[in-house]
Amino acid sequence: MSWTGWVAGWVTGVALGQSPATLEAVRLHRSDAAALARAELAACEQAKCPDASRLGLLAGTLVLSDGDAVQARDLLTRHAPPAPLEAFHAFYLGQARFYAGDPNGAAKDFERALEKASPALAVRARARLGESLLDAHRPKDASPVLESAAAAQPTPELLFQRALTRAATGNAAGLRADLKTVALRFPTHPYADEALEQLATLKPAVKLTLPEHLQRARGFLSDGAAARAEDELLRAEKLGLVKGAPAQAQVALLRAQVLFARGKREEAEKALAVARKGPPAIAAEAALVVARRALRSDDNEKARKLMAALDKAYPSQAAGEEGAFFAAWLDLQGGRFEDAAKSFEDYEKRYKGSRRRDEAMWFRALSHIRLEQYAKARQALDDLVTAYPKTSMAPQARYWQARTEELGGGKPATLGPAYEAVISAAPASFYALLATERLRELGRTPPAAFPQPPKQLTLPRPPELELAVALTRAGLFRDAADEVQSRVSGLRGADQALPFAHALLQLGEFGHAHVVAARYLWGRAFGAKAPDALAAFYPRAFAQAVETEATRQALDPFLVWAIMRRESAFRPEVMSAADARGLMQIIPPTATEIAQKMAEPAPAPADLFAPERNIRYGAWYLAQLMKRFAHPALAAAAYNAGPKAAVRWTQERGTLPLDLFVESIPYRETRGYVKQVVADLYLYHRFYEKDGTQARLAMTVPAPSTDGVSF
């Protein structure tokens, strides 16, 4: 479902055998997709229409995905393969034969697929060929195929199958290596348990060491299988592998994390007490777990004490360094700016090799800014840009160098060039926007961040995209996405990438175009400031839906695009670890609440991948946030962190000017989110609105309404 857009066939004006309703059902993985495709195939066959082969391919693949391999085989053999999709037809026919119990027939189909397969399909076909040969009891034939396939794509399935061929061909060392890799690297995969069983039956049997059991336990924990992680630790103990105080402390530390994940707080704290009696490295890590939990619970006073104690007790450990940083940061958050400035300065001296040293310099400067010690703030900022000229924080450091100069009584003749330099060096940044506003306050005309707006080119479609378009017309969206991604990885430089990106824009594939631009056109867009490259970074994606819903909600459409760019980079198929879905990254419970407010039936989770539905809900929600918060920076903060957090921050820090308010948002992710969304919002205005260069950013923070959306 990665290749979606509005369906390339509609965009290019090519008549399709499939109806839009069927294609939409396929794209959203709806349960009625196969029935719709079969009905259209039957109607086509009766009318003897020319699209029967393409409809047969779609119907066959959908029936196969529903688990009916025999019927899929019959559908796929009923018609000749559609050009130019012969390789895909052979591949899916091979899949159907394999699951219908005919591995030899499947192997022939996969071999036929490989004859004309594109690079992306060849990887899949080779893997399935090896599996078919193995299932047909032809391990010698399967061995070279699986050796190649597993080397190119070391999935647990291929590694396990390669292990079987290695066993059959006498490669005992290779067998052990593959089984161990599956068991250790993919502990939650079903093949992992089979791999362990086979390792135990080898002669001599392969037994896992304590570090290997711990690796599996960490894998279970990271995959959300905390109960299995706890079982793995118990298994290691029963096998007598946990010997001595260091090993006991190491296991106790991991067990504490597992127990916290399972909601067993008291047992977890007992395990932490054992870990804190272990060697310094483990004891420090255990103490850091306690401090982090206090930090996440917003018990800042307790967290400050714990972090400071870490720094004092373990100055030579990574946990001690982190404690020192967060103790200073908590002083800053608590309004103890003198203490924060001193603590960050001390941190910089003591931890000169820290990856956070540049950030510490920035927070030292921010502490001095809050104290109105502007000369000291500029010194800290000078230290930052001198020591780390390529840091990602350079734009904010240079803006605040100019701003503190202004706050300290600097003259416009000095300030003007300093602000202009920020705009020139980081034209797409939040700080370029702030510098623009400061120049206007000085009565100076800001330079244009970009001399020309984005310009979409009309270019011949690269031949590398033709197969993806043909797959899309056939409704094989996943295969089309694989083809595009394969072709993108094969691009070499901006000259190849530019026409490719514009072809994707013409097809309505804004997400793929953005990926190409981010990988290959960054320098052209933000260094050379070329309008053709900017078009892929700032498209008016899904324009009809955005403008319709923005008008309906009395909402700025450019705010929708700014949020969409940050949330999904214009990819309708994106799903986050928190189950946020689609262009505007809406989670199903929020979608249900929005639907209720809009007097609509609650959507199925899969419906949130539909661009129109997702945009409609996102626009409604954004409009409600703007009604409550009346400023795009606050609305963006609420969209990311929730309205309750945004209200709290305005109550605590709302008297600050906007630039300082944003810098003082306590959540790092939300700070970055707000900066990008607000910068993009005003870039969209300046790029596409007739008088967009006059759009102004309010530099004061309004008080939010007590009423309004709260979810």
# chains A, B, ... in the order shown; residues from 1 in each chain; ligands from 1

call {"tool": "residues_around", "arguments": {"residues": "Pro611 (chain A)", "least_positions_apart": "6", "cutoff": "12 Å", "atoms": "only C-alpha atoms", "output": "PyMOL selection string"}}
result
chain A and resi 4-7+24+27-28+508-510+541-546+549+564+568+570-574+581-586+617-619

call {"tool": "select_by_dssp", "arguments": {"residues": "region 25-151 of chain A", "states": "helix (DSSP H, G or I)", "output": "ChimeraX atom specification"}}
result
/A:25-27,33-47,52-65,69-78,86-99,103-116,119-135,139-151

call {"tool": "residues_around", "arguments": {"residues": "region 45-62 of chain A", "least_positions_apart": "4", "cutoff": "10 Å", "atoms": "only C-alpha atoms", "output": "mmCIF file with C-alpha atoms, in the first residue's frame"}}
result
data_model
loop_
_atom_site.group_PDB
_atom_site.id
_atom_site.type_symbol
_atom_site.label_atom_id
_atom_site.label_comp_id
_atom_site.auth_asym_id
_atom_site.auth_seq_id
_atom_site.Cartn_x
_atom_site.Cartn_y
_atom_site.Cartn_z
ATOM 1 C CA ALA A 15 -8.834 3.787 -18.928
ATOM 2 C CA LEU A 16 -8.761 0.973 -16.401
ATOM 3 C CA GLY A 17 -10.521 -2.362 -16.348
ATOM 4 C CA GLN A 18 -10.931 -2.016 -12.603
ATOM 5 C CA LEU A 23 -8.938 -0.003 -6.676
ATOM 6 C CA VAL A 26 -7.510 -2.927 -2.837
ATOM 7 C CA HIS A 29 -6.942 -3.802 2.069
ATOM 8 C CA SER A 31 -12.213 -7.389 3.023
ATOM 9 C CA ASP A 32 -14.476 -7.056 -0.034
ATOM 10 C CA ALA A 33 -11.615 -6.294 -2.461
ATOM 11 C CA ALA A 34 -11.303 -9.848 -3.814
ATOM 12 C CA ALA A 35 -15.063 -10.204 -4.344
ATOM 13 C CA LEU A 36 -15.207 -6.881 -6.198
ATOM 14 C CA ALA A 37 -12.284 -7.866 -8.436
ATOM 15 C CA ARG A 38 -13.799 -11.272 -9.224
ATOM 16 C CA ALA A 39 -17.141 -9.692 -10.075
ATOM 17 C CA GLU A 40 -15.483 -7.243 -12.435
ATOM 18 C CA LEU A 41 -13.464 -10.063 -13.997
ATOM 19 C CA ASP A 66 -7.284 -14.398 1.213
ATOM 20 C CA GLY A 67 -5.792 -17.903 1.477
ATOM 21 C CA ASP A 68 -7.492 -19.760 -1.385
ATOM 22 C CA ALA A 69 -4.472 -20.969 -3.351
ATOM 23 C CA VAL A 70 -6.351 -23.402 -5.599
ATOM 24 C CA GLN A 71 -8.840 -20.814 -6.780
ATOM 25 C CA ALA A 72 -6.026 -18.283 -7.211
ATOM 26 C CA ARG A 73 -4.158 -20.773 -9.411
ATOM 27 C CA ASP A 74 -7.258 -21.302 -11.526
ATOM 28 C CA LEU A 75 -7.832 -17.558 -11.939
ATOM 29 C CA LEU A 76 -4.205 -16.923 -12.872
ATOM 30 C CA THR A 77 -4.109 -19.706 -15.467
ATOM 31 C CA ARG A 78 -7.381 -18.645 -17.081
ATOM 32 C CA HIS A 79 -5.844 -15.772 -19.045
ATOM 33 C CA ALA A 80 -2.509 -15.001 -20.677
ATOM 34 C CA PRO A 81 -0.183 -12.745 -18.682
ATOM 35 C CA PRO A 82 -0.796 -9.030 -19.282
ATOM 36 C CA ALA A 83 2.080 -7.126 -20.843
ATOM 37 C CA LEU A 85 3.595 -7.864 -16.207
ATOM 38 C CA GLU A 86 4.550 -11.371 -17.355
ATOM 39 C CA PHE A 88 4.639 -10.763 -11.895
ATOM 40 C CA HIS A 89 2.025 -13.110 -13.310
ATOM 41 C CA ALA A 90 4.548 -15.982 -13.161
ATOM 42 C CA TYR A 92 2.012 -15.020 -8.259
ATOM 43 C CA LEU A 93 1.147 -18.181 -10.137
ATOM 44 C CA GLN A 95 2.915 -18.594 -5.114
ATOM 45 C CA ALA A 96 -0.476 -20.132 -5.810
ATOM 46 C CA ALA A 470 1.699 -0.529 -15.174
ATOM 47 C CA LEU A 471 1.552 -2.266 -11.787
ATOM 48 C CA ARG A 473 -2.965 0.357 -13.252
ATOM 49 C CA ALA A 474 -3.320 -3.346 -12.480
ATOM 50 C CA GLY A 475 -3.995 -2.599 -8.794
ATOM 51 C CA LEU A 476 -0.733 -4.180 -7.596
#

call {"tool": "residues_around", "arguments": {"residues": "Leu121 (chain A)", "least_positions_apart": "3", "cutoff": "12 Å", "atoms": "only C-alpha atoms", "output": "JSON, numbers by chain"}}
result
{"A": [85, 86, 87, 88, 89, 90, 91, 92, 110, 111, 113, 114, 115, 116, 117, 118, 124, 125, 126, 127, 128, 467, 468, 478, 479, 480, 481, 482, 483, 484, 485, 486, 487]}

call {"tool": "closest_residue", "arguments": {"among": "A:Ala554, A:Ala261, A:Arg292, A:His368", "to": "Leu622 (chain A)", "atoms": "only C-alpha atoms"}}
result
A:Ala554

call {"tool": "closest_residue", "arguments": {"among": "A:Leu434, A:Leu253, A:Ala418, A:Ala294", "to": "Leu660 (chain A)", "atoms": "only C-alpha atoms"}}
result
A:Leu434

call {"tool": "closest_residue", "arguments": {"among": "A:Leu507, A:Ala183, A:Leu381, A:Met598", "to": "Thr472 (chain A)", "atoms": "only C-alpha atoms"}}
result
A:Leu507

call {"tool": "atom_distance", "arguments": {"atom1": "CA of Ser489 (chain A)", "atom2": "CA of Ala513 (chain A)"}}
result
12.9 Å

call {"tool": "residues_around", "arguments": {"residues": "Leu202 (chain A)", "least_positions_apart": "3", "cutoff": "12 Å", "atoms": "only C-alpha atoms", "output": "PyMOL selection string"}}
result
chain A and resi 167+172-173+175-176+179+195-199+205-207

call {"tool": "write_last_selection", "arguments": {"atoms": "N, CA, C and O atoms", "output": "short mmCIF file (atom, residue, chain, number, x, y, z; two decimals), in the first residue's frame"}}
result
data_model
loop_
_atom_site.label_atom_id
_atom_site.label_comp_id
_atom_site.auth_asym_id
_atom_site.auth_seq_id
_atom_site.Cartn_x
_atom_site.Cartn_y
_atom_site.Cartn_z
N ALA A 167 22.06 -28.25 6.19
CA ALA A 167 22.01 -29.54 6.88
C ALA A 167 22.00 -30.68 5.87
O ALA A 167 22.69 -31.70 6.04
N ALA A 172 27.78 -28.38 8.30
CA ALA A 172 27.39 -28.33 9.72
C ALA A 172 27.66 -26.97 10.34
O ALA A 172 26.84 -26.45 11.12
N ALA A 173 28.80 -26.36 10.01
CA ALA A 173 29.13 -25.05 10.59
C ALA A 173 28.13 -23.99 10.12
O ALA A 173 27.67 -23.15 10.91
N LEU A 175 25.09 -24.53 9.14
CA LEU A 175 23.82 -24.84 9.78
C LEU A 175 23.74 -24.20 11.15
O LEU A 175 22.76 -23.52 11.48
N ARG A 176 24.77 -24.42 11.97
CA ARG A 176 24.78 -23.85 13.32
C ARG A 176 24.71 -22.31 13.27
O ARG A 176 23.99 -21.68 14.05
N LEU A 179 21.09 -21.15 12.30
CA LEU A 179 20.12 -21.40 13.36
C LEU A 179 20.33 -20.44 14.53
O LEU A 179 19.36 -19.93 15.11
N ALA A 195 14.45 -23.07 15.57
CA ALA A 195 15.92 -23.04 15.49
C ALA A 195 16.53 -23.52 16.80
O ALA A 195 17.50 -24.30 16.80
N LEU A 196 15.96 -23.10 17.94
CA LEU A 196 16.47 -23.55 19.23
C LEU A 196 16.32 -25.06 19.39
O LEU A 196 17.22 -25.74 19.90
N GLU A 197 15.17 -25.56 18.96
CA GLU A 197 14.95 -27.01 19.07
C GLU A 197 15.96 -27.78 18.24
O GLU A 197 16.50 -28.81 18.68
N GLN A 198 16.24 -27.30 17.05
CA GLN A 198 17.20 -28.00 16.19
C GLN A 198 18.62 -27.89 16.74
O GLN A 198 19.39 -28.84 16.66
N LEU A 199 18.96 -26.74 17.31
CA LEU A 199 20.29 -26.60 17.91
C LEU A 199 20.48 -27.60 19.04
O LEU A 199 21.57 -28.14 19.24
N ALA A 205 25.25 -30.92 21.02
CA ALA A 205 24.18 -29.93 21.11
C ALA A 205 24.76 -28.54 21.32
O ALA A 205 25.78 -28.37 22.00
N VAL A 206 24.12 -27.55 20.73
CA VAL A 206 24.54 -26.15 20.89
C VAL A 206 23.71 -25.53 22.00
O VAL A 206 22.47 -25.50 21.92
N LYS A 207 24.39 -25.07 23.03
CA LYS A 207 23.71 -24.44 24.15
C LYS A 207 24.04 -22.95 24.18
O LYS A 207 25.18 -22.56 23.92
#

call {"tool": "residues_around", "arguments": {"residues": "Ala602 (chain A)", "least_positions_apart": "6", "cutoff": "10 Å", "atoms": "only C-alpha atoms", "output": "PyMOL selection string"}}
result
chain A and resi 588-589+591-596

call {"tool": "decode", "arguments": {"residues": "region 165-181 of chain A", "atoms": "N, CA and C atoms", "output": "CSV table (one decimal), in the first residue's frame"}}
result
chain,number,residue,atom,x,y,z
A,165,THR,N,19.0,-26.4,4.0
A,165,THR,CA,19.8,-26.8,2.9
A,165,THR,C,21.2,-27.1,3.3
A,166,ARG,N,21.7,-26.4,4.2
A,166,ARG,CA,23.1,-26.6,4.7
A,166,ARG,C,23.1,-27.9,5.4
A,167,ALA,N,22.1,-28.2,6.2
A,167,ALA,CA,22.0,-29.5,6.9
A,167,ALA,C,22.0,-30.7,5.9
A,168,ALA,N,21.2,-30.5,4.8
A,168,ALA,CA,21.1,-31.6,3.8
A,168,ALA,C,22.3,-31.8,3.0
A,169,THR,N,23.2,-30.7,2.9
A,169,THR,CA,24.4,-30.8,2.0
A,169,THR,C,25.6,-30.9,2.9
A,170,GLY,N,25.5,-31.2,4.2
A,170,GLY,CA,26.6,-31.5,5.0
A,170,GLY,C,27.4,-30.3,5.5
A,171,ASN,N,26.9,-29.1,5.4
A,171,ASN,CA,27.5,-27.9,5.9
A,171,ASN,C,27.1,-27.6,7.4
A,172,ALA,N,27.8,-28.4,8.3
A,172,ALA,CA,27.4,-28.3,9.7
A,172,ALA,C,27.7,-27.0,10.3
A,173,ALA,N,28.8,-26.4,10.0
A,173,ALA,CA,29.1,-25.1,10.6
A,173,ALA,C,28.1,-24.0,10.1
A,174,GLY,N,27.8,-24.0,8.8
A,174,GLY,CA,26.8,-23.1,8.3
A,174,GLY,C,25.5,-23.3,8.9
A,175,LEU,N,25.1,-24.5,9.1
A,175,LEU,CA,23.8,-24.8,9.8
A,175,LEU,C,23.7,-24.2,11.2
A,176,ARG,N,24.8,-24.4,12.0
A,176,ARG,CA,24.8,-23.8,13.3
A,176,ARG,C,24.7,-22.3,13.3
A,177,ALA,N,25.5,-21.7,12.4
A,177,ALA,CA,25.5,-20.3,12.3
A,177,ALA,C,24.1,-19.7,11.9
A,178,ASP,N,23.4,-20.3,11.0
A,178,ASP,CA,22.1,-19.8,10.6
A,178,ASP,C,21.1,-20.0,11.7
A,179,LEU,N,21.1,-21.1,12.3
A,179,LEU,CA,20.1,-21.4,13.4
A,179,LEU,C,20.3,-20.4,14.5
A,180,LYS,N,21.6,-20.2,14.9
A,180,LYS,CA,21.9,-19.3,16.0
A,180,LYS,C,21.5,-17.9,15.6
A,181,THR,N,21.7,-17.5,14.4
A,181,THR,CA,21.3,-16.1,14.0
A,181,THR,C,19.8,-15.9,14.1
